Amino acid sequence: MSNYFPQELIDQVRSANDIVEVVSEYVSLKKKGRNYFGLCPFHTEKTPSFSVNPEKQIFHCFGCGQGGNAVSFLMTHDKLGFVEAIKLLAKRANIRLPQKEYDRKKLELTDKLYHANQMGAAYYSGNLSGLPSGKEAQAYLEKRRVSKETSKTFQLGLALEEWDGLLKFCISKGVEQQTLLTAGLIIERSDGKGFYDRFKNRLMFPIFNLSGKIVALAGRIIDEKDNPKYLNSPETPIYQKGKLLYGLNFSKEKIRESRFAIVVEGYMDFLSLHQAGLQNLVASCGTAFSANQARLLARFAEEVILLFDSDNAGEKATLRSVDLLYDAGLEVKVAVLPKGFDPDSYLNNYGELKLRELINQAVGYVKFKASFLNDRFANLSLREQEGILMDFAQTAARISQGVRRELFLKQVSEQLDVSESIVRKALLTVTGKKDTEQIAARVAPQKPGPQAWEKEFLALVMDNWHWFKKAETEIVAEDFSTSHHQELWRFLSQQNQAREEFDLADFLEKAENASLRQLLLEIASLDFLGVESETLFEDYIRRFRAERREREINKVKQSLKNAEAVKDEEAVQTLSSKLHNLLQENTLTVSSEKTS
């Protein structure tokens, strides 16, 4: 066995393995901001300091300093050599590696499959642009307003009404018959005597992987009387439909820049919108999201806007996709099309600006789902009400970020006009929690000592950065009881000048010392469940004000005591008056807060 792998093959193995998925097999990870965190597998720790960055496909431990990519993670964790790590990752991705030295000079199975699909796409593309029989398909594309430039960019093609046109073309180009069969481009005849092309009389769409290689093909009927409407390549060693999103190779940078992705169902919807300039876009190809697809999209986006057809099938596709999108840490909105329209037809009827307006008006998932109720929630039977609440609770349980989950529950309460306590009880039932009061007591600011509730407050505002901005107008570093918390508040305030969001990994890199990094990690690991977070935030602010008043009162009391000890009558009189005013003001403030 040679220890040598071509760099192209190494890159292929790396790109086929999402580092979050690889590391998740060894470490329990939780999403915090743009990154995932867990307990480091390379040293003993109580607070998660091990970070995985899905965008850069790297890991880093802020505790011990270990870092690298998926290959180096396996090499360090499993004590493997480079070749063994590559072999393990290749096996995970169903990529065949060379078995002998001389195999380096030959195309391996994956290379053969890539080549076969590329040849297939070239054959179909030639049919569309170079044959008289392609005029019908060209007319169809013109009717759908797909430009020649778009057709060329996405390598659209045409499968002719022939039994073996593709087979003959590919054989003439040196593609082996067995490779075409493995790629799913041809099918064996039922009598075992030969093969025929899988695709006939269809508009062809090459399907690209993330690195831009053609891994499969899909065919759409041109004559609307034919069926099925779409026909795809079967799964192969280089194509697993649950791990790819159509068009992501073209759109990933735009999605990364905008931090949100528009998701449509079909190839034509994708092409039409992409051509119109909406390029932070992917197509689900008519299927519900898989966990792998959701995780893949989360590498580039923070929010997803679902723009599916306005028919029942589109609505069901939306509902099926949501839980896994939330599970991947994505925020979900739905752009609602008028009845009878799909994204492509809406764009062609009303134009790009109107479509952009519709997308900008996308509603939250809770409001979208609540709109399906045939009657007001209060008018439904108890069994129906329970079912709806449990459905929402199942989705809420997928949201790992505490504050976001709280806001989701609040939206459910408002949309259904039912108390938050009932919604929260449904969540507790789903998650196996038994006592709302126990959870509330865990985070209630009235009971823990200063360090405990201050940490919980810091965790709350770090989880929801716009609350930090609001709190900064009320609180200064000196309001905290410990020098560590004061240092952290000053650090957060300093970072707030330069950025609009909290990013734990970025903040950890900027922290000046180990103790500050450790406190950041410890506080970021705190979470909230079953508590109305906005109310909790206001409770903390009131407590800071109360603590500040208490410190001032105690300071005056001590000064008064000192003045009395030295018999300074003038100071005693001044301080007594000041203490009286402070106590009276405190009483009025407490009374006002209780009634507000």
# chains A, B, ... in the order shown; residues from 1 in each chain; ligands from 1

$ residues_around --residues "Leu324 (chain A)" --least-positions-apart "3" --cutoff "8 Å" --atoms "only C-alpha atoms" --output "list in words"
Phe289, Ser290, Ala291, Ala294, Ser321, Asp327, Ala328 and Arg398 of chain A

$ residues_around --residues "region 199-204 of chain A" --least-positions-apart "5" --cutoff "9 Å" --atoms "only C-alpha atoms" --output "list in words"
Ala121, Tyr124, Ser125, Leu128, Ala137, Gln155, Leu156, Gly157, Leu158, Ala159, Leu160, Glu161, Glu162, Trp163, Leu166, Leu185, Ile186, Leu217, Ala218, Gly219, Arg220, Ile221, Ile222, Asp223, Tyr230, Leu231 and Asn232 of chain A

$ write_last_selection --atoms "C-alpha atoms" --output "mmCIF file, in the first residue's frame"
data_model
loop_
_atom_site.group_PDB
_atom_site.id
_atom_site.type_symbol
_atom_site.label_atom_id
_atom_site.label_comp_id
_atom_site.auth_asym_id
_atom_site.auth_seq_id
_atom_site.Cartn_x
_atom_site.Cartn_y
_atom_site.Cartn_z
ATOM 1 C CA ALA A 121 -23.562 16.560 -19.123
ATOM 2 C CA TYR A 124 -26.842 16.571 -23.177
ATOM 3 C CA SER A 125 -25.549 20.143 -23.464
ATOM 4 C CA LEU A 128 -29.576 21.321 -26.555
ATOM 5 C CA ALA A 137 -36.309 22.482 -25.471
ATOM 6 C CA GLN A 155 -24.728 23.411 -18.206
ATOM 7 C CA LEU A 156 -28.351 22.650 -19.049
ATOM 8 C CA GLY A 157 -28.942 19.959 -21.642
ATOM 9 C CA LEU A 158 -31.427 17.769 -23.482
ATOM 10 C CA ALA A 159 -31.988 14.027 -23.391
ATOM 11 C CA LEU A 160 -33.255 12.972 -26.820
ATOM 12 C CA GLU A 161 -36.050 10.549 -27.620
ATOM 13 C CA GLU A 162 -33.462 7.803 -28.166
ATOM 14 C CA TRP A 163 -32.712 4.521 -26.449
ATOM 15 C CA LEU A 166 -25.817 8.721 -24.349
ATOM 16 C CA LEU A 185 -26.825 6.952 -16.485
ATOM 17 C CA ILE A 186 -27.831 3.698 -18.160
ATOM 18 C CA LEU A 217 -28.095 14.520 -13.342
ATOM 19 C CA ALA A 218 -31.782 15.329 -13.133
ATOM 20 C CA GLY A 219 -34.276 15.399 -15.966
ATOM 21 C CA ARG A 220 -37.490 17.420 -16.223
ATOM 22 C CA ILE A 221 -40.269 16.602 -18.661
ATOM 23 C CA ILE A 222 -40.765 18.989 -21.578
ATOM 24 C CA ASP A 223 -44.181 17.648 -22.506
ATOM 25 C CA TYR A 230 -38.611 14.883 -12.458
ATOM 26 C CA LEU A 231 -36.257 11.927 -12.731
ATOM 27 C CA ASN A 232 -32.913 11.918 -10.891
#

$ closest_residue --among "A:Gly432, A:Gly120, A:Gly364, A:Gly329" --to "Gln411 (chain A)" --atoms "only C-alpha atoms"
A:Gly364

$ select_by_dssp --residues "region 195-390 of chain A" --states "strand (DSSP E or B)" --output "number ranges by chain"
A: 195-197, 202-208, 214-221, 230-232, 236, 239, 246, 260-264, 281-283, 303-306, 331-334, 363-364

$ write_last_selection --atoms "N, CA and C atoms" --output "compact mmCIF listing (two decimals), in the first residue's frame"
# COMPACT_ATOMS: atom_id res chain seq x y z
N PHE A 195 -28.16 -2.52 -22.67
CA PHE A 195 -28.49 -1.41 -21.78
C PHE A 195 -29.19 -0.32 -22.58
N TYR A 196 -29.88 0.59 -21.87
CA TYR A 196 -30.50 1.74 -22.51
C TYR A 196 -30.34 2.96 -21.60
N ASP A 197 -30.47 4.15 -22.17
CA ASP A 197 -30.28 5.39 -21.41
C ASP A 197 -31.39 5.57 -20.38
N ARG A 202 -36.08 14.74 -22.05
CA ARG A 202 -36.13 15.56 -20.85
C ARG A 202 -35.11 16.69 -20.91
N LEU A 203 -35.47 17.80 -20.28
CA LEU A 203 -34.53 18.89 -20.06
C LEU A 203 -33.62 18.46 -18.91
N MET A 204 -32.32 18.55 -19.11
CA MET A 204 -31.37 17.97 -18.16
C MET A 204 -30.66 19.05 -17.32
N PHE A 205 -30.55 18.75 -16.03
CA PHE A 205 -29.89 19.64 -15.07
C PHE A 205 -28.75 18.87 -14.40
N PRO A 206 -27.50 19.23 -14.66
CA PRO A 206 -26.41 18.63 -13.89
C PRO A 206 -26.51 19.04 -12.41
N ILE A 207 -26.21 18.12 -11.53
CA ILE A 207 -26.21 18.39 -10.09
C ILE A 207 -24.76 18.43 -9.63
N PHE A 208 -24.38 19.54 -9.01
CA PHE A 208 -22.99 19.78 -8.62
C PHE A 208 -22.80 19.55 -7.13
N ILE A 214 -19.68 17.72 -11.19
CA ILE A 214 -20.98 17.12 -11.50
C ILE A 214 -21.01 15.71 -10.93
N VAL A 215 -21.97 15.46 -10.04
CA VAL A 215 -22.06 14.16 -9.37
C VAL A 215 -23.29 13.37 -9.77
N ALA A 216 -24.25 14.03 -10.44
CA ALA A 216 -25.48 13.37 -10.85
C ALA A 216 -26.19 14.26 -11.86
N LEU A 217 -27.29 13.74 -12.40
CA LEU A 217 -28.10 14.52 -13.34
C LEU A 217 -29.56 14.36 -13.00
N ALA A 218 -30.34 15.38 -13.34
CA ALA A 218 -31.78 15.33 -13.13
C ALA A 218 -32.45 15.75 -14.43
N GLY A 219 -33.56 15.09 -14.73
CA GLY A 219 -34.28 15.40 -15.97
C GLY A 219 -35.70 15.83 -15.70
N ARG A 220 -36.12 16.93 -16.35
CA ARG A 220 -37.49 17.42 -16.22
C ARG A 220 -38.23 17.23 -17.54
N ILE A 221 -39.49 16.80 -17.45
CA ILE A 221 -40.27 16.60 -18.66
C ILE A 221 -40.44 17.92 -19.41
N TYR A 230 -40.07 14.86 -12.61
CA TYR A 230 -38.61 14.88 -12.46
C TYR A 230 -38.09 13.46 -12.29
N LEU A 231 -36.93 13.22 -12.87
CA LEU A 231 -36.26 11.93 -12.73
C LEU A 231 -34.79 12.21 -12.42
N ASN A 232 -34.28 11.65 -11.33
CA ASN A 232 -32.91 11.92 -10.89
C ASN A 232 -32.04 10.68 -11.02
N THR A 236 -25.14 7.11 -5.67
CA THR A 236 -23.90 6.44 -6.07
C THR A 236 -22.83 6.77 -5.03
N TYR A 239 -22.70 10.47 -4.98
CA TYR A 239 -23.94 11.25 -4.91
C TYR A 239 -24.90 10.64 -3.89
N TYR A 246 -29.01 21.74 -4.31
CA TYR A 246 -28.78 22.21 -5.67
C TYR A 246 -28.42 23.70 -5.67
N PHE A 260 -27.97 34.78 5.22
CA PHE A 260 -29.24 34.07 5.13
C PHE A 260 -29.38 33.46 3.75
N ALA A 261 -30.17 32.39 3.67
CA ALA A 261 -30.37 31.67 2.42
C ALA A 261 -31.85 31.59 2.10
N ILE A 262 -32.18 31.81 0.84
CA ILE A 262 -33.54 31.58 0.35
C ILE A 262 -33.59 30.15 -0.18
N VAL A 263 -34.59 29.39 0.24
CA VAL A 263 -34.70 28.00 -0.19
C VAL A 263 -35.95 27.84 -1.04
N VAL A 264 -35.76 27.37 -2.27
CA VAL A 264 -36.88 27.05 -3.15
C VAL A 264 -36.89 25.54 -3.37
N LEU A 281 -29.12 31.62 -2.65
CA LEU A 281 -30.25 30.76 -2.99
C LEU A 281 -29.81 29.31 -3.11
N VAL A 282 -30.66 28.38 -2.65
CA VAL A 282 -30.46 26.95 -2.91
C VAL A 282 -31.82 26.33 -3.22
N ALA A 283 -31.81 25.14 -3.80
CA ALA A 283 -33.04 24.40 -4.06
C ALA A 283 -32.99 23.07 -3.33
N GLU A 303 -29.83 32.25 8.94
CA GLU A 303 -31.29 32.29 8.79
C GLU A 303 -31.67 31.71 7.44
N VAL A 304 -32.83 31.04 7.42
CA VAL A 304 -33.35 30.45 6.19
C VAL A 304 -34.74 31.04 5.93
N ILE A 305 -34.98 31.45 4.68
CA ILE A 305 -36.32 31.87 4.26
C ILE A 305 -36.83 30.83 3.27
N LEU A 306 -37.88 30.12 3.65
CA LEU A 306 -38.46 29.09 2.79
C LEU A 306 -39.44 29.74 1.82
N GLU A 331 -32.33 30.04 12.06
CA GLU A 331 -33.62 30.69 12.27
C GLU A 331 -34.44 30.48 11.00
N VAL A 332 -35.75 30.27 11.15
CA VAL A 332 -36.59 29.91 10.01
C VAL A 332 -37.71 30.93 9.82
N LYS A 333 -37.82 31.42 8.60
CA LYS A 333 -38.94 32.26 8.19
C LYS A 333 -39.57 31.69 6.93
N VAL A 334 -40.79 32.13 6.63
CA VAL A 334 -41.50 31.63 5.45
C VAL A 334 -42.02 32.82 4.65
N VAL A 363 -42.60 35.83 7.11
CA VAL A 363 -43.09 35.75 8.49
C VAL A 363 -42.37 34.65 9.24
N GLY A 364 -42.36 34.75 10.55
CA GLY A 364 -41.79 33.71 11.38
C GLY A 364 -42.55 32.41 11.22

$ closest_residue --among "A:Gln495, A:Glu534, A:Arg548, A:Leu271" --to "Leu407 (chain A)" --atoms "only C-alpha atoms"
A:Glu534

$ select_by_dssp --residues "region 270-502 of chain A" --states "helix (DSSP H, G or I)" --output "JSON, numbers by chain"
{"A": [270, 271, 272, 273, 274, 275, 291, 292, 293, 294, 295, 296, 297, 298, 312, 313, 314, 315, 316, 317, 318, 319, 320, 321, 322, 323, 324, 325, 326, 327, 343, 344, 345, 346, 347, 348, 349, 350, 352, 353, 354, 355, 356, 357, 358, 359, 360, 365, 366, 367, 368, 369, 370, 377, 378, 379, 382, 383, 384, 385, 386, 387, 388, 389, 390, 391, 392, 393, 394, 395, 396, 397, 402, 403, 404, 405, 406, 407, 408, 409, 410, 411, 412, 413, 414, 415, 416, 420, 421, 422, 423, 424, 425, 426, 427, 428, 429, 430, 431, 436, 437, 438, 439, 440, 441, 442, 443, 450, 451, 452, 453, 454, 455, 456, 457, 458, 459, 460, 461, 462, 463, 465, 466, 467, 468, 469, 470, 471, 477, 478, 479, 483, 484, 485, 486, 487, 488, 489, 490, 491, 492, 493, 494, 495, 496]}
